[in-house]
Amino acid sequence: MRRRIGVDVGGTNTEGVVIEDGKVIAAHKTPTTEDVLSGVREALSAVAVPDVQGVMIGTTHFVNAVVQRRDLPRVGALRIGMPASRSLPPFCDWPEDLATLVRGAVHMVEGGVDYDGRPIMPLDERAIAAAARQMRAAGLSCAAVSSIFSPLDPAMEERAAEILREEMPGASITLSHELGRIGLLERENVALLNAALIPLAAHTVQAFEQAVAVAGIAAPLYITQNDGTVIRAELAARFPVLSFASGPTNSMRGAAFLTGVQDALVVDVGGTTSDFGALKAGFPREANTVVQIGGVRTLFRMPDLLSIGLGGGSLVREEGGRLSIGPRSVGFRLTKEAIVFGGGTLTATDIAVRGGRLALGDASRVASLDPAFAAAALAEAARMIEEAADRMKADAAEVPLLAVGGGAFLVPDRIAGISEVLRPANAAVANAVGAAIAQVSGEADQVFHGLSRSEAMAEAERIARARAVDAGADPASLSLVDIEDLPLAYMPGGALRVQARVVGDIREAP
Amino acid sequence: MRELTLEDIEGLAVGAWILGTGGGGSPYLGLLNMRRLYAEGARVRLMPPEELADDDAVAVLSNMGAPLVGQERLADPANIARAVTLMEEFTRIRFRAVMSLEIGGNNAIQPLMAAAHLGLPVVDADCMGRAYPEAQMTSFAVGDLRPYPLSMVDPRGIEGIVARVPSWKWMERLSRKMCVELGSIAATCKAPRTGAEVKRWGILHTTTKAVALGQAVRKAQREHRDPIEAILHAEDGRLLFRGKVTDVSRRTTEGFLRGTARLDGLDDWRGRRFDLAFQNEWAVGWLDGEPHVMTPDLICVLETATGEAIGTETLRYGQRATVIALPAPPVFLTERGLALVGPRAFGHDLEFRSVFAS
């Protein structure tokens, strides 16, 4: 018996499912509550079963806190790299309202390394200790540390963390190299956002654990991440930014699971937007570009998503002989404002009802609509979907498209460049399914000195495996999904940067 | 002489990225610096080159090195300003103004950063009219002007001078080595120019041109009009192709990003193809296999919907792109100009033919 419970806390609904031996055996959907937790409690209680191996929760709670500017404490920023980078201090490209809320202190000290691993300046440990004492005196308990080229050599950030822990006992410390990529401001921004979310994450994870206990479920709790895997809840509480995009990621992985397709494009058509993603071997393709979160530029492990303004609530207009759909939408007011629901606004849903794609509301209300116009509007929606799908492809080869979401009726059955359009059954709970099936991963991203290429790659894999096991993976199920080596020029001892990622199943409770 | 507004500088960042013709590095960090300097009350004046006296001295500025390193070390206005004062100390020249080496990309903003610190005006000119990868690819090199001295500054207070070299090629070799030692990024002040030299050999009014280009795009975006139409109108450009990217291949050799890209036609170009070759910047374009546009004509690849420039580093499969050409500065159409920046300088054995000649 291998049962798992998946819960997805979305903006509108909280879904819960139970999966047993690869099948959905129970599902429950309930409106997301203001406090998030009562919705989770209800979903969990509704689907609670005995013999559960794990509870996986995906939540948009953390990213919403940034977007809505709530529950964010002030954060101390420590940047290592002076005298380089002086004129553009931490928070310098944040929206002013968010910076005012979060900027608790900014300290910049000497240190950092160059792309070839040589120090820019020796690390100024005394300045770090002094900064830590000031942050403590200012009452700050969350700090973010960034250092120039720390993804290539994290030693200075790690040493700074030791000093901060000594001087600021009990403070939570986020190091930029644990989260971000090359690009100091963008990586630092990720670390600052993470630091600002740690108290909320700790509180939320604790409440989730209580909800699991109250539902009488004796199983470990996992939180889903941007990359489609899960981590143990206590670890997730340290890295809330890694859960930012778990909604779209779980939707994609759920669609893959429900259709049995591992390599495909996925479109989630909602009320206002259509969100496109790409799955490779069952995992979402990562974005390689800057992603804005609540107006803050970030660069870290996020799924590659393309959003277009087309959904079931999109406004359909004809102006000067030109037909257009979206980006404006009636959104959640669809059931009041759409014509088939007795409203006065022509939406994509009305067009689909007239065109015979969909039976919803009162079809007689759109009977007077010119069928040629409805057909042209549906063709325009199809063209928008076709273009976006094509933009998401990595090359010209045909791939399947998995269509999910309440507005998926806008996706036509035949699309150029798409081998087939698949519409998974149970799509309404695809997100919770995606959460329930998630595996555990471990990653290593390190610079190795004095090892041969094969030794360094073996060492990176060993570290990634150990981390996956720490995160709750069954050692026997681990497999290497990604390994890449990047030689670094001009570094002594033939330095090599290796990134490795392994994925495995969740370890059975003993 | 007029004062640049922050709105001008926002436009400059967009226009400079377009004139970067695929390279030149993103002006984002320079723009961030300027927003901060303006918020602190600094202002920069733009000086028409005609206002330079023949014996005025002008500092030619650029940030040299790998854009990737710049994303970590960032760019500090104090640093580029120090390259200017170091040159003054070495040569005992007092500069009347500063100007940009290249108006394409990040280096369009560098002289503004120095100017904000030094209180000097920025001359409305550069010596590339776009972005090019090497030091000898300038109008001053076409004019065979003296290539030395050069000052180079690192934020740690490490300062160097290339005092004398026999050619622009030698300047490229020596200064590139110094730059690598400093961590592959450094602020530089190139060989000082006289007002007469700038007026004779500079590519004039390119700051104004970049600002206007950027403002045209921003205005069209705000008013939901076609920004590419606005660019073509603002700059007498020519629409060459509209399509989608179907293939990109890149490799890094000798410190340059080289490669090719293919677009398949859309709209009026359906059924046709356009191929591009690049070395940091777009160098040559072929329509249905025939050479169609080549350097020094400016080749700009723009996002069809937004009109924003797409760099050779960021172009990827599936993008909807429009290729346009803007006229080359006349100084590069001379025999010596073509020898330095024509298609052969980028390894393409083609006789230069301007797309504007037909």
# chains A, B, ... in the order shown; residues from 1 in each chain; ligands from 1
$ interface_residues --of "chain A" --to "chain B" --cutoff "8 Å" --atoms "only C-alpha atoms" --output "number ranges by chain"
A: 81, 83-88, 92-93, 114-116, 148-149, 182-185, 390-396
$ residues_around --residues "Ala191 (chain A)" --least-positions-apart "5" --cutoff "9 Å" --atoms "only C-alpha atoms" --output "VMD selection string"
chain A and resid 143 to 146 174 to 180 186 196 241
$ write_last_selection --atoms "N, CA and C atoms" --output "mmCIF file, in the first residue's frame"
data_model
loop_
_atom_site.group_PDB
_atom_site.id
_atom_site.type_symbol
_atom_site.label_atom_id
_atom_site.label_comp_id
_atom_site.auth_asym_id
_atom_site.auth_seq_id
_atom_site.Cartn_x
_atom_site.Cartn_y
_atom_site.Cartn_z
ATOM 1 N N ALA A 143 18.831 37.833 8.238
ATOM 2 C CA ALA A 143 19.899 38.461 7.462
ATOM 3 C C ALA A 143 20.125 37.696 6.174
ATOM 4 N N ALA A 144 20.537 38.426 5.135
ATOM 5 C CA ALA A 144 20.897 37.810 3.853
ATOM 6 C C ALA A 144 22.327 38.212 3.519
ATOM 7 N N VAL A 145 23.118 37.231 3.095
ATOM 8 C CA VAL A 145 24.521 37.475 2.767
ATOM 9 C C VAL A 145 24.739 37.216 1.289
ATOM 10 N N SER A 146 25.374 38.182 0.618
ATOM 11 C CA SER A 146 25.715 37.982 -0.790
ATOM 12 C C SER A 146 27.178 38.331 -0.975
ATOM 13 N N THR A 174 20.333 33.695 5.393
ATOM 14 C CA THR A 174 20.226 33.159 4.034
ATOM 15 C C THR A 174 21.489 33.532 3.266
ATOM 16 N N LEU A 175 22.100 32.546 2.613
ATOM 17 C CA LEU A 175 23.305 32.796 1.809
ATOM 18 C C LEU A 175 22.930 32.756 0.334
ATOM 19 N N SER A 176 23.378 33.756 -0.416
ATOM 20 C CA SER A 176 22.909 33.887 -1.803
ATOM 21 C C SER A 176 23.298 32.695 -2.667
ATOM 22 N N HIS A 177 24.475 32.086 -2.405
ATOM 23 C CA HIS A 177 24.916 31.000 -3.299
ATOM 24 C C HIS A 177 24.035 29.757 -3.156
ATOM 25 N N GLU A 178 23.293 29.648 -2.048
ATOM 26 C CA GLU A 178 22.428 28.488 -1.873
ATOM 27 C C GLU A 178 21.197 28.561 -2.772
ATOM 28 N N LEU A 179 20.943 29.730 -3.334
ATOM 29 C CA LEU A 179 19.689 29.913 -4.059
ATOM 30 C C LEU A 179 19.855 30.434 -5.480
ATOM 31 N N GLY A 180 20.791 31.360 -5.680
ATOM 32 C CA GLY A 180 20.780 32.095 -6.941
ATOM 33 C C GLY A 180 21.931 31.735 -7.855
ATOM 34 N N GLU A 186 20.594 40.171 -8.869
ATOM 35 C CA GLU A 186 19.460 39.255 -8.957
ATOM 36 C C GLU A 186 19.578 38.141 -7.912
ATOM 37 N N ALA A 196 13.360 37.501 4.126
ATOM 38 C CA ALA A 196 12.156 38.194 4.591
ATOM 39 C C ALA A 196 10.980 37.244 4.784
ATOM 40 N N VAL A 241 11.591 30.707 -0.848
ATOM 41 C CA VAL A 241 11.546 31.134 -2.265
ATOM 42 C C VAL A 241 11.517 29.930 -3.207
#
$ residues_around --residues "Leu46 (chain B)" --least-positions-apart "3" --cutoff "8 Å" --atoms "only C-alpha atoms" --output "list in words"
Met1, Arg2, Glu3, Leu4, Pro121, Val122, Val123 and Asp124 of chain B
$ write_last_selection --atoms "N, CA and C atoms" --output "PDB file, in the first residue's frame"
ATOM      1  N   MET B   1      24.208  73.516 -25.685  1.00  0.00           N
ATOM      2  CA  MET B   1      24.325  72.573 -24.566  1.00  0.00           C
ATOM      3  C   MET B   1      22.983  72.494 -23.842  1.00  0.00           C
ATOM      4  N   ARG B   2      22.554  71.281 -23.552  1.00  0.00           N
ATOM      5  CA  ARG B   2      21.294  71.159 -22.807  1.00  0.00           C
ATOM      6  C   ARG B   2      21.457  70.102 -21.728  1.00  0.00           C
ATOM      7  N   GLU B   3      20.586  70.243 -20.704  1.00  0.00           N
ATOM      8  CA  GLU B   3      20.632  69.275 -19.611  1.00  0.00           C
ATOM      9  C   GLU B   3      19.814  68.047 -19.997  1.00  0.00           C
ATOM     10  N   LEU B   4      20.373  66.863 -19.802  1.00  0.00           N
ATOM     11  CA  LEU B   4      19.624  65.633 -20.071  1.00  0.00           C
ATOM     12  C   LEU B   4      18.675  65.375 -18.906  1.00  0.00           C
ATOM     13  N   PRO B 121      30.603  68.208 -19.293  1.00  0.00           N
ATOM     14  CA  PRO B 121      29.534  67.818 -20.222  1.00  0.00           C
ATOM     15  C   PRO B 121      29.923  66.581 -21.026  1.00  0.00           C
ATOM     16  N   VAL B 122      28.898  65.929 -21.601  1.00  0.00           N
ATOM     17  CA  VAL B 122      29.100  64.775 -22.478  1.00  0.00           C
ATOM     18  C   VAL B 122      28.928  65.249 -23.918  1.00  0.00           C
ATOM     19  N   VAL B 123      29.920  64.977 -24.765  1.00  0.00           N
ATOM     20  CA  VAL B 123      29.807  65.362 -26.168  1.00  0.00           C
ATOM     21  C   VAL B 123      28.812  64.430 -26.859  1.00  0.00           C
ATOM     22  N   ASP B 124      27.957  65.014 -27.677  1.00  0.00           N
ATOM     23  CA  ASP B 124      26.927  64.254 -28.382  1.00  0.00           C
ATOM     24  C   ASP B 124      27.557  63.558 -29.586  1.00  0.00           C
TER      25      ASP B 124
END
$ residues_around --residues "Ile25 (chain A)" --least-positions-apart "5" --cutoff "10 Å" --atoms "only C-alpha atoms" --output "mmCIF file with N, CA, C and O atoms, in the first residue's frame"
data_model
loop_
_atom_site.group_PDB
_atom_site.id
_atom_site.type_symbol
_atom_site.label_atom_id
_atom_site.label_comp_id
_atom_site.auth_asym_id
_atom_site.auth_seq_id
_atom_site.Cartn_x
_atom_site.Cartn_y
_atom_site.Cartn_z
ATOM 1 N N ARG A 3 0.233 4.984 -0.237
ATOM 2 C CA ARG A 3 -0.714 6.087 -0.326
ATOM 3 C C ARG A 3 -0.028 7.413 -0.025
ATOM 4 O O ARG A 3 0.773 7.496 0.901
ATOM 5 N N VAL A 17 -5.985 15.475 -2.628
ATOM 6 C CA VAL A 17 -6.219 14.176 -3.263
ATOM 7 C C VAL A 17 -5.460 13.101 -2.499
ATOM 8 O O VAL A 17 -4.479 13.386 -1.817
ATOM 9 N N VAL A 18 -5.938 11.875 -2.659
ATOM 10 C CA VAL A 18 -5.172 10.724 -2.181
ATOM 11 C C VAL A 18 -4.827 9.896 -3.401
ATOM 12 O O VAL A 18 -5.686 9.622 -4.247
ATOM 13 N N ILE A 19 -3.562 9.525 -3.490
ATOM 14 C CA ILE A 19 -3.114 8.684 -4.593
ATOM 15 C C ILE A 19 -2.695 7.346 -3.999
ATOM 16 O O ILE A 19 -1.958 7.315 -3.010
ATOM 17 N N GLU A 20 -3.165 6.270 -4.595
ATOM 18 C CA GLU A 20 -2.753 4.945 -4.139
ATOM 19 C C GLU A 20 -2.338 4.145 -5.353
ATOM 20 O O GLU A 20 -3.111 4.014 -6.302
ATOM 21 N N VAL A 47 -9.998 14.094 3.049
ATOM 22 C CA VAL A 47 -9.367 12.985 2.320
ATOM 23 C C VAL A 47 -8.538 12.073 3.221
ATOM 24 O O VAL A 47 -7.884 11.162 2.731
#
$ select_by_dssp --residues "region 161-229 of chain B" --states "helix (DSSP H, G or I)" --output "ChimeraX atom specification"
/B:168-181,195-201,206-222,227-229
$ select_by_dssp --residues "region 38-141 of chain B" --states "strand (DSSP E)" --output "ChimeraX atom specification"
/B:44-47,57-65,97-100,122-123,125-126
$ residues_around --residues "Lys336 (chain A)" --least-positions-apart "4" --cutoff "12 Å" --atoms "only C-alpha atoms" --output "ChimeraX atom specification"
/A:313,330-332,340-347,361
$ closest_residue --among "B:Arg193, B:Arg272, B:Lys169, B:Arg146" --to "Ala53 (chain B)" --atoms "only C-alpha atoms"
B:Arg193
$ closest_residue --among "A:Gly10, A:Gly442, A:Gly295, A:Gly405" --to "Ala428 (chain A)" --atoms "only C-alpha atoms"
A:Gly405
$ residues_around --residues "Arg273 (chain B)" --least-positions-apart "4" --cutoff "12 Å" --atoms "only C-alpha atoms" --output "ChimeraX atom specification"
/B:240-247,261-266,268-269,285-292,323
$ residues_around --residues "Ala287 (chain A)" --least-positions-apart "3" --cutoff "12 Å" --atoms "only C-alpha atoms" --output "PyMOL selection string"
chain A and resi 181+226-227+245+277-278+284+290-292+298-306+392
$ atom_distance --atom1 "CA of Gly311 (chain A)" --atom2 "CA of Val40 (chain A)"
26.9 Å
$ closest_residue --among "A:Ala264, A:Val63, A:Ala202, A:Val440" --to "Ser419 (chain A)" --atoms "only C-alpha atoms"
A:Ala264
